[in-house]
Each structure stands twice: as structure tokens, then as C-alpha cells.
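*Asks:* Let me give you the structure first, and then I'll get to my questions.
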Amino acid sequence: MPPTLDTEQLLEFDKRHLWHPYSSMAHPLTAYPVAAAEGAILTLEGGTSLIDGMSSWWSAIHGYQVAEINAALRAQIDHFSHVMFGGLTHRPAVELAQRLIALTPPPLQHIFLADSGSIAVEVALKMALQYWMARGEPERCKLAVLRGGYHGDTFATMALADPDNGMHTLFQHQLPSHHFIPRPSIPFGAAWEERSMEPLQQLLEQHHSQLAALILEPVVQGAGGMYFYHPKFLQRARALCDHYQVLLIADEIATGFGRSGELLACDHAGVVADILCIGKALTGGTLSLAATLTTEAVATTLSSQGSGTLMHGPTFMANPLACSAANASIDLLLRSPWRQRVQQIEAGLRRGLAPCRSMAGVKEVRILGAIGVVEMREAVDLNRIQPLFIEQGVWVRPFGRLIYLMPPFVIEPQAVEALTRGVVEVVSTFASSATRD
Ligand SMILES: Cc1ncc(COP(=O)(O)O)c(C=O)c1O
């Protein structure tokens with residue numbers, strides 16, 4: 001048994017031995033020790049309470065310690081926690097597939113239950129590539145990709161990140177090359193301009209015979225820049241993909257399950273993708289699980305070549321505990337007034353973050369659904385800004401120039417007010433001190 005550490009020792013050990021996301025062993029950032037999490041509140045060791053503005057990166061839509069999800073996990077644990085999915089199946093997976101088929105547009109009928117978002121995208125890419133191999137066009141192996149996107153951290157998904165601000169430069173010699181177009185230029189809510197489709201039109205015109213698919217995050221580009229674009233782009237992109245016979249892959253790993261105000265972000269445009277990836281909020285943020293859904297046409301075509309095998313099969317595929325959590329989370333979401341809650345959060349974010357619009361150092365404030373973004377002109381220094389948020393009693397984790405909020409849907413209006421007040425306070429302090437520096 002390792003010795004029980006006090007909080008200081010725990011933090012010291014963590015700093016020396018544990019990598020956190022995108023962190024350095026030479027210059028580790030402070031990590032804050034969580035002792036409890038309930039509803040929309042994180043409590044640190046030592047007793048500090050923080051209003052959660054992050055939903056643990058889009059996932060904890062119902063907040064923490066959700067009775068229904070915990071009960072489903074306990075019930076499943078008493079049966080079995082995991083069995084291989086090769087040659088075996090189980091009720092949690094089948095019942096999850098039933099729910100996903102009911103929840104998503106009718107053409108999406110075939111489901112791969114993956115173990116994380118990045119892997120769900122990898123599977124989507126394999127589906128698209130194997131589809132074209134089966135159709136006798138293996139040269140269709142490139143992707144059309146929007147700049148400013150993010151689809152994961154594995155090698156195939158890194159190759160889809162923006163070549164200028166993603167991880168391309170570091171790994172450029174190992175990554176396959178794809179065809180990029182600028183991010184959609186018309187923001188959500190702005191007047192539509194048809195000519196904004198020209199870059200995609202030209203790309204498809206020139207390269208469609210090498211393209212397997214267009215991959216995009218519908219309407220909301222998340223970790224690549226927190227940018228919201230006009231849903232008409234999606235409608236036009238669907239039509240162009242149909243015209244040039246290019247598959248459309250929608251990565252809704254961040255946006256799925258209501259975050260943008262619709263159940264799927266594709267619903268803003270009434271568009272159905274050929275391949276859809278979901279994850280994150282799928283289990284209400286309790287366990288890692290993601291899913292790749294596709295149509296009868298893609299599934300039967302790719303299954304018609306050779307052995308007809310989709311070449312993927314991770315050890316923890318369709319983990320029964322994760323599937324049980326997902327079933328409970330989906331039921332809870334659909335029973336809840338999630339749409340009104342998201343609208344209420346949207347109104348609260350709009351009101352609460354408005355003062356940031358005129359502050360020094362702020363480039364833009366954007367709100368869509370339960371997502372609020374304050375884009376700064378310069379990248380913020382996490383070492384300086386993070387303690388300020390803690391002082392304000394809010395959990396907000398900026399990246400680069402982006403300070404953003406996406407609280408759990410169960411957050412109370414007063415807590416949204418407190419969260420946005422905290423952000424306004426920190427942005428004003430931070431911006432004015434930055435201008436003095
Ligand atoms: C749109 C999108 N796709 C894929 C991923 C990767 O998911 P994961 O971190 O579960 O691998 C993310 C994660 O942030 C995402 O936002």
C-alpha cells in the first residue's frame with residue numbers, strides 16, 4: 001500500500017510524476033485537487049467550492065454524482081463490468097444501439113461503439129476508406145477538411161487539425177496530407193453569402209476523384225477555435241458532397257446531446273451525414289465511450305469487399321458499464337426539459353458576458369446554446385489567470401486566446417450569473433493588468 005499523502009504531498013507527487021493534458025514535466029502547471037463533485041459544483045481538498053463552467057470538457061451535461069447514472073452503474077457492476085465484444089454481446093450495448101438509432105436521423109442504422117472520441121473518428125475514417133476500396137476506387141483516400149477544426153490526438157486525427165495552429169508542425173513528417181479549405185467565413189447569425197461556398201466548391205471540383213469524404217464539426221468548431229458558423233454552410237456542403245459523390249462525416253463528439261441548442265448540431269441545418277461521430281456527453285461524462293454511426297449504403301458497401309470486415313476492434317469496445325451509463329444518461333436527457341435549460345443558459349451567458357464586449361484586450365464575445373466564448377486578442381497565461389478564476393469561485397480553463405464556458409445543463413440561473421460575474425471580473429483585471437505590463 002502506498003502511504004496516504006496529505007494535500008501538499010499529493011500535489012508535489014502529481015507535479016513530479018503525472019502528465020496532465022498538454023503538459024510539461026519540466027514546467028508543470030498547478031493542478032487543483034478535487035475532493036468531491038456534485039451537481040454543478042466541484043469541491044477542492046481544503047474545502048474551496050467552484051462553480052463548474054466546463055462540464056469536464058463538454059461531457060458532464062447532467063453535472064456530477066447523477067443518481068440515475070450511478071444507479072445504472074451499480075446495477076451493471078453486479079452483473080459484469082466488462083466482457084470482450086468479439087463473439088459476445090450484451091444488453092447494455094444492444095439497448096444503447098436501439099436508443100442511438102431512435103435518437104439520430106433514420107438513415108443512420110449501423111453503429112460501432114468505440115472507446116474514445118479520437119477512436120470514433122479513426123473508425124469513421126476507416127469506414128470511408130473501406131467504402132471506396134469496396135467500390136473499386138482506392139485512390140479516393142484523401143479527406144477534405146476545414147481549417148480551425150479539431151478531431152482528436154491520435155495520428156490520423158492529428159492530420160485533420162489545422163496545419164497552422166494544430167499539432168501538424170511538430171509531427172509533419174509522420175502525418176498524411178489532406179486538402180484543407182478555410183473555415184466557413186459566415187458566422188452563425190450573420191447574413192448568408194452564397195459565394196462563401198466557393199473554396200469548398202473549387203476543392204471538390206478539382207479533387208473529388210481522390211476524396212473519400214469531407215469531415216467537419218457541424219456549426220460549432222470546438223477545440224480548434226470555438227467558432228460558430230452559419231448552418232447554411234452545412235446544407236450547401238451536403239449538396240456539394242452529393243453532387244461530387246463525396247461522403248460527409250459529421251464529428252459531433254463535442255456538439256452532440258444538446259450543447260448547441262439542438263440535439264445534434266446538424267439539426268440546425270436539417271442535414272444528415274453519411275457517418276456521424278458522437279462521444280463526450282454520451283455517458284453524461286462518467287466513463288469514456290464514443291460511437292460511430294453510418295448508413296445502410298456505407299455499411300453494406302464496405303462489407304461487400306473481401307471478407308467484408310470493418311478493420312477495428314479495441315479491447316474495451318462497447319464496455320458494458322459505459323453503455324449502461326450512456327443508456328441512463330440518454331434517458332435522463334430526454335426526460336429533462338433540456339432545450340429550455342440550454343435556452344436559459346444561453347440567455348444567462350449572453351447577459352452575463354455582455355460587459356466583456358467593450359473591455360480592453362477582448363476581441364469578440366460569442367454565444368451559442370450553452371456555450372459562451374470570450375476571445376482575447378492575445379493568448380492568456382494560464383499560470384496567471386487560473387488562480388484568479390479560483391479566487392472568484394469558478395472553474396474555468398482557458399486555452400490560447402479563448403476563455404470559454406459550457407456549464408452543465410442542470411446549473412441554476414444564479415450560478416450562471418455567478419459564473420459570468422467571475423469571468424467578467426477576471427477578464428477586466430487581467431486585461432487591464434496586461435495593458436499596464
Ligand atoms: C470535435 C471533437 N472530435 C474529437 C475529439 C476527441 O475526443 P477524445 O478526447 O475523447 O479522444 C474531441 C475532443 O475534444 C472533439 O472536440
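Residues are named by chain letter and number: chains run A, B, ... in the order of the C-alpha cells, numbers start at 1 in each chain, and ligands are numbered from 1 in the order shown.
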Please identify every polymer residue within 6 Å of ligand 1, using only C-alpha atoms and all ligand atoms, and present the set as number ranges by chain.
*Replies:* A: 116-118, 150-152, 217, 222-223, 251-254
*Asks:* So that I can see what lies close to Leu203 of chain A, please list as a PyMOL selection string the residues with an atom at most 10 Å from it, counting only C-alpha atoms and leaving out residues fewer than 4 positions away in the same chain.
*Replies:* chain A and resi 144+179-181+198-199+207-208+211
*Asks:* Kindly save the residues from that selection, with N, CA and C atoms included, as a PDB file, in the first residue's frame.
*Replies:*
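Once written, part-v4.pdb looks like this:
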ATOM      1  N   ALA A 144     -11.319  15.962 -47.331  1.00  0.00           N
ATOM      2  CA  ALA A 144     -11.493  17.420 -47.389  1.00  0.00           C
ATOM      3  C   ALA A 144     -11.749  17.863 -45.952  1.00  0.00           C
ATOM      4  N   HIS A 179      -6.639  17.741 -47.917  1.00  0.00           N
ATOM      5  CA  HIS A 179      -6.953  19.005 -48.593  1.00  0.00           C
ATOM      6  C   HIS A 179      -7.755  19.911 -47.654  1.00  0.00           C
ATOM      7  N   PHE A 180      -7.170  21.051 -47.321  1.00  0.00           N
ATOM      8  CA  PHE A 180      -7.823  21.974 -46.379  1.00  0.00           C
ATOM      9  C   PHE A 180      -8.453  23.164 -47.096  1.00  0.00           C
ATOM     10  N   ILE A 181      -9.599  23.596 -46.586  1.00  0.00           N
ATOM     11  CA  ILE A 181     -10.158  24.883 -47.026  1.00  0.00           C
ATOM     12  C   ILE A 181     -10.286  25.780 -45.798  1.00  0.00           C
ATOM     13  N   GLU A 198     -17.450  29.077 -52.258  1.00  0.00           N
ATOM     14  CA  GLU A 198     -16.503  28.874 -53.373  1.00  0.00           C
ATOM     15  C   GLU A 198     -15.313  27.979 -53.027  1.00  0.00           C
ATOM     16  N   PRO A 199     -14.646  28.187 -51.862  1.00  0.00           N
ATOM     17  CA  PRO A 199     -13.481  27.324 -51.586  1.00  0.00           C
ATOM     18  C   PRO A 199     -13.836  25.834 -51.581  1.00  0.00           C
ATOM     19  N   HIS A 207     -10.634  18.018 -56.850  1.00  0.00           N
ATOM     20  CA  HIS A 207     -10.023  16.838 -56.223  1.00  0.00           C
ATOM     21  C   HIS A 207     -10.991  15.701 -55.905  1.00  0.00           C
ATOM     22  N   HIS A 208     -12.254  15.799 -56.337  1.00  0.00           N
ATOM     23  CA  HIS A 208     -13.223  14.814 -55.843  1.00  0.00           C
ATOM     24  C   HIS A 208     -12.810  13.376 -56.147  1.00  0.00           C
ATOM     25  N   LEU A 211     -10.974  12.134 -53.259  1.00  0.00           N
ATOM     26  CA  LEU A 211     -11.529  12.384 -51.919  1.00  0.00           C
ATOM     27  C   LEU A 211     -12.459  11.270 -51.452  1.00  0.00           C
TER      28      LEU A 211
END
*Asks:* Name the closest residue to Gly284 of chain A among the candidates A:Pro28, A:Pro21, A:Pro408, A:Gly400; distances are taken between atoms, counting only C-alpha atoms.
*Replies:*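 Of the candidates, the smallest distance to Gly284 of chain A is held by A:Pro408.
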*Asks:* So that I can check the surroundings of segment 304-313 of chain A, please list as JSON, numbers by chain every protein, DNA and RNA residue that reaches within 8 Å of it, counting only C-alpha atoms and ignoring chain neighbours fewer than 6 positions away.
*Replies:* {"A": [86, 123, 126, 127, 130, 133, 134]}
*Asks:* Could the residues in this selection be written to a file with C-alpha atoms, as an mmCIF file, in the first residue's frame?
*Replies:*
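As written to disk, again07.cif reads:
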data_model
loop_
_atom_site.group_PDB
_atom_site.id
_atom_site.type_symbol
_atom_site.label_atom_id
_atom_site.label_comp_id
_atom_site.auth_asym_id
_atom_site.auth_seq_id
_atom_site.Cartn_x
_atom_site.Cartn_y
_atom_site.Cartn_z
ATOM 1 C CA GLY A 86 -15.644 -10.340 -30.058
ATOM 2 C CA VAL A 123 -13.267 4.383 -37.194
ATOM 3 C CA LYS A 126 -11.720 3.587 -41.873
ATOM 4 C CA MET A 127 -15.385 3.304 -42.827
ATOM 5 C CA GLN A 130 -13.046 0.914 -46.880
ATOM 6 C CA MET A 133 -11.972 0.399 -51.645
ATOM 7 C CA ALA A 134 -15.087 -1.752 -51.885
#
*Asks:* Would you kindly return, as a ChimeraX atom specification, each protein, DNA or RNA residue with an atom no farther than 7 Å from any atom of Ile403 of chain A, considering only C-alpha atoms and excluding same-chain residues fewer than 4 positions away?
*Replies:* /A:373-375,398-399
*Asks:* So that I can see what lies close to Pro3 of chain A, please list as an NGL selection string the residues with an atom at most 12 Å from it, counting only C-alpha atoms and leaving out residues fewer than 5 positions away in the same chain.
*Replies:* :A and (9-10 or 13)
*Asks:* Would you save the residues of that selection, restricted to N, CA and C atoms, as an mmCIF file, in the first residue's frame?
*Replies:*
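part.cif, written as the output of this step:
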data_model
loop_
_atom_site.group_PDB
_atom_site.id
_atom_site.type_symbol
_atom_site.label_atom_id
_atom_site.label_comp_id
_atom_site.auth_asym_id
_atom_site.auth_seq_id
_atom_site.Cartn_x
_atom_site.Cartn_y
_atom_site.Cartn_z
ATOM 1 N N GLN A 9 1.627 16.965 -0.246
ATOM 2 C CA GLN A 9 2.441 15.859 -0.791
ATOM 3 C C GLN A 9 1.814 15.323 -2.077
ATOM 4 N N LEU A 10 0.495 15.251 -2.082
ATOM 5 C CA LEU A 10 -0.217 14.771 -3.273
ATOM 6 C C LEU A 10 0.085 15.649 -4.489
ATOM 7 N N PHE A 13 3.691 15.125 -5.611
ATOM 8 C CA PHE A 13 3.849 13.859 -6.345
ATOM 9 C C PHE A 13 3.265 13.983 -7.751
#
*Asks:* Please return as a PyMOL selection string: the residues of segment 36-269 of chain A that backbone DSSP assigns to strand (DSSP E).
*Replies:* chain A and resi 36-38+41-44+49-52+108-114+142-146+179-181+211-216+220-221+227-228+247-251
*Asks:* Which residues are close to segment 72-77 of chain A, i.e. within 10 Å by only C-alpha atoms, leaving aside same-chain residues fewer than 2 positions away? Reply as a VMD selection string.
*Replies:* chain A and resid 67 to 70 79 to 82 92 286 320 to 329
*Asks:* Could those residues be written to a file, using N, CA and C atoms, as a short mmCIF file (atom, residue, chain, number, x, y, z; two decimals), in the first residue's frame?
*Replies:*
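This is the output file selection_31.cif:
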data_model
loop_
_atom_site.label_atom_id
_atom_site.label_comp_id
_atom_site.auth_asym_id
_atom_site.auth_seq_id
_atom_site.Cartn_x
_atom_site.Cartn_y
_atom_site.Cartn_z
N ALA A 67 -27.76 10.63 -9.74
CA ALA A 67 -28.31 9.44 -9.08
C ALA A 67 -28.66 8.36 -10.10
N GLU A 68 -29.31 8.75 -11.20
CA GLU A 68 -29.78 7.76 -12.18
C GLU A 68 -28.60 7.04 -12.84
N ILE A 69 -27.54 7.77 -13.14
CA ILE A 69 -26.39 7.14 -13.80
C ILE A 69 -25.66 6.25 -12.79
N ASN A 70 -25.50 6.74 -11.56
CA ASN A 70 -24.85 5.92 -10.53
C ASN A 70 -25.62 4.62 -10.31
N HIS A 79 -23.73 -7.38 -12.35
CA HIS A 79 -23.81 -8.43 -13.37
C HIS A 79 -22.41 -8.72 -13.92
N PHE A 80 -21.83 -7.76 -14.59
CA PHE A 80 -20.45 -7.87 -15.07
C PHE A 80 -20.00 -6.49 -15.53
N SER A 81 -18.70 -6.20 -15.31
CA SER A 81 -18.19 -4.88 -15.66
C SER A 81 -17.70 -4.82 -17.09
N HIS A 82 -17.14 -5.94 -17.54
CA HIS A 82 -16.66 -5.95 -18.91
C HIS A 82 -16.59 -7.37 -19.43
N PRO A 92 -26.65 -4.05 -22.38
CA PRO A 92 -26.33 -2.60 -22.38
C PRO A 92 -25.95 -2.09 -23.77
N THR A 286 -19.42 10.26 -17.39
CA THR A 286 -18.97 9.35 -16.33
C THR A 286 -17.85 8.42 -16.77
N PRO A 320 -19.61 -2.62 -21.05
CA PRO A 320 -20.98 -2.66 -20.51
C PRO A 320 -21.28 -1.57 -19.48
N LEU A 321 -20.28 -1.24 -18.66
CA LEU A 321 -20.52 -0.17 -17.68
C LEU A 321 -20.76 1.16 -18.40
N ALA A 322 -19.91 1.43 -19.38
CA ALA A 322 -20.05 2.68 -20.13
C ALA A 322 -21.38 2.71 -20.88
N CYS A 323 -21.76 1.57 -21.48
CA CYS A 323 -23.05 1.53 -22.20
C CYS A 323 -24.21 1.75 -21.24
N SER A 324 -24.13 1.18 -20.03
CA SER A 324 -25.21 1.37 -19.05
C SER A 324 -25.30 2.83 -18.65
N ALA A 325 -24.14 3.45 -18.45
CA ALA A 325 -24.14 4.88 -18.11
C ALA A 325 -24.77 5.68 -19.25
N ALA A 326 -24.43 5.32 -20.47
CA ALA A 326 -24.96 6.04 -21.64
C ALA A 326 -26.48 5.88 -21.72
N ASN A 327 -26.97 4.67 -21.47
CA ASN A 327 -28.41 4.46 -21.52
C ASN A 327 -29.12 5.34 -20.48
N ALA A 328 -28.55 5.35 -19.27
CA ALA A 328 -29.18 6.16 -18.21
C ALA A 328 -29.09 7.65 -18.55
N SER A 329 -27.94 8.06 -19.10
CA SER A 329 -27.75 9.48 -19.42
C SER A 329 -28.71 9.94 -20.51
#
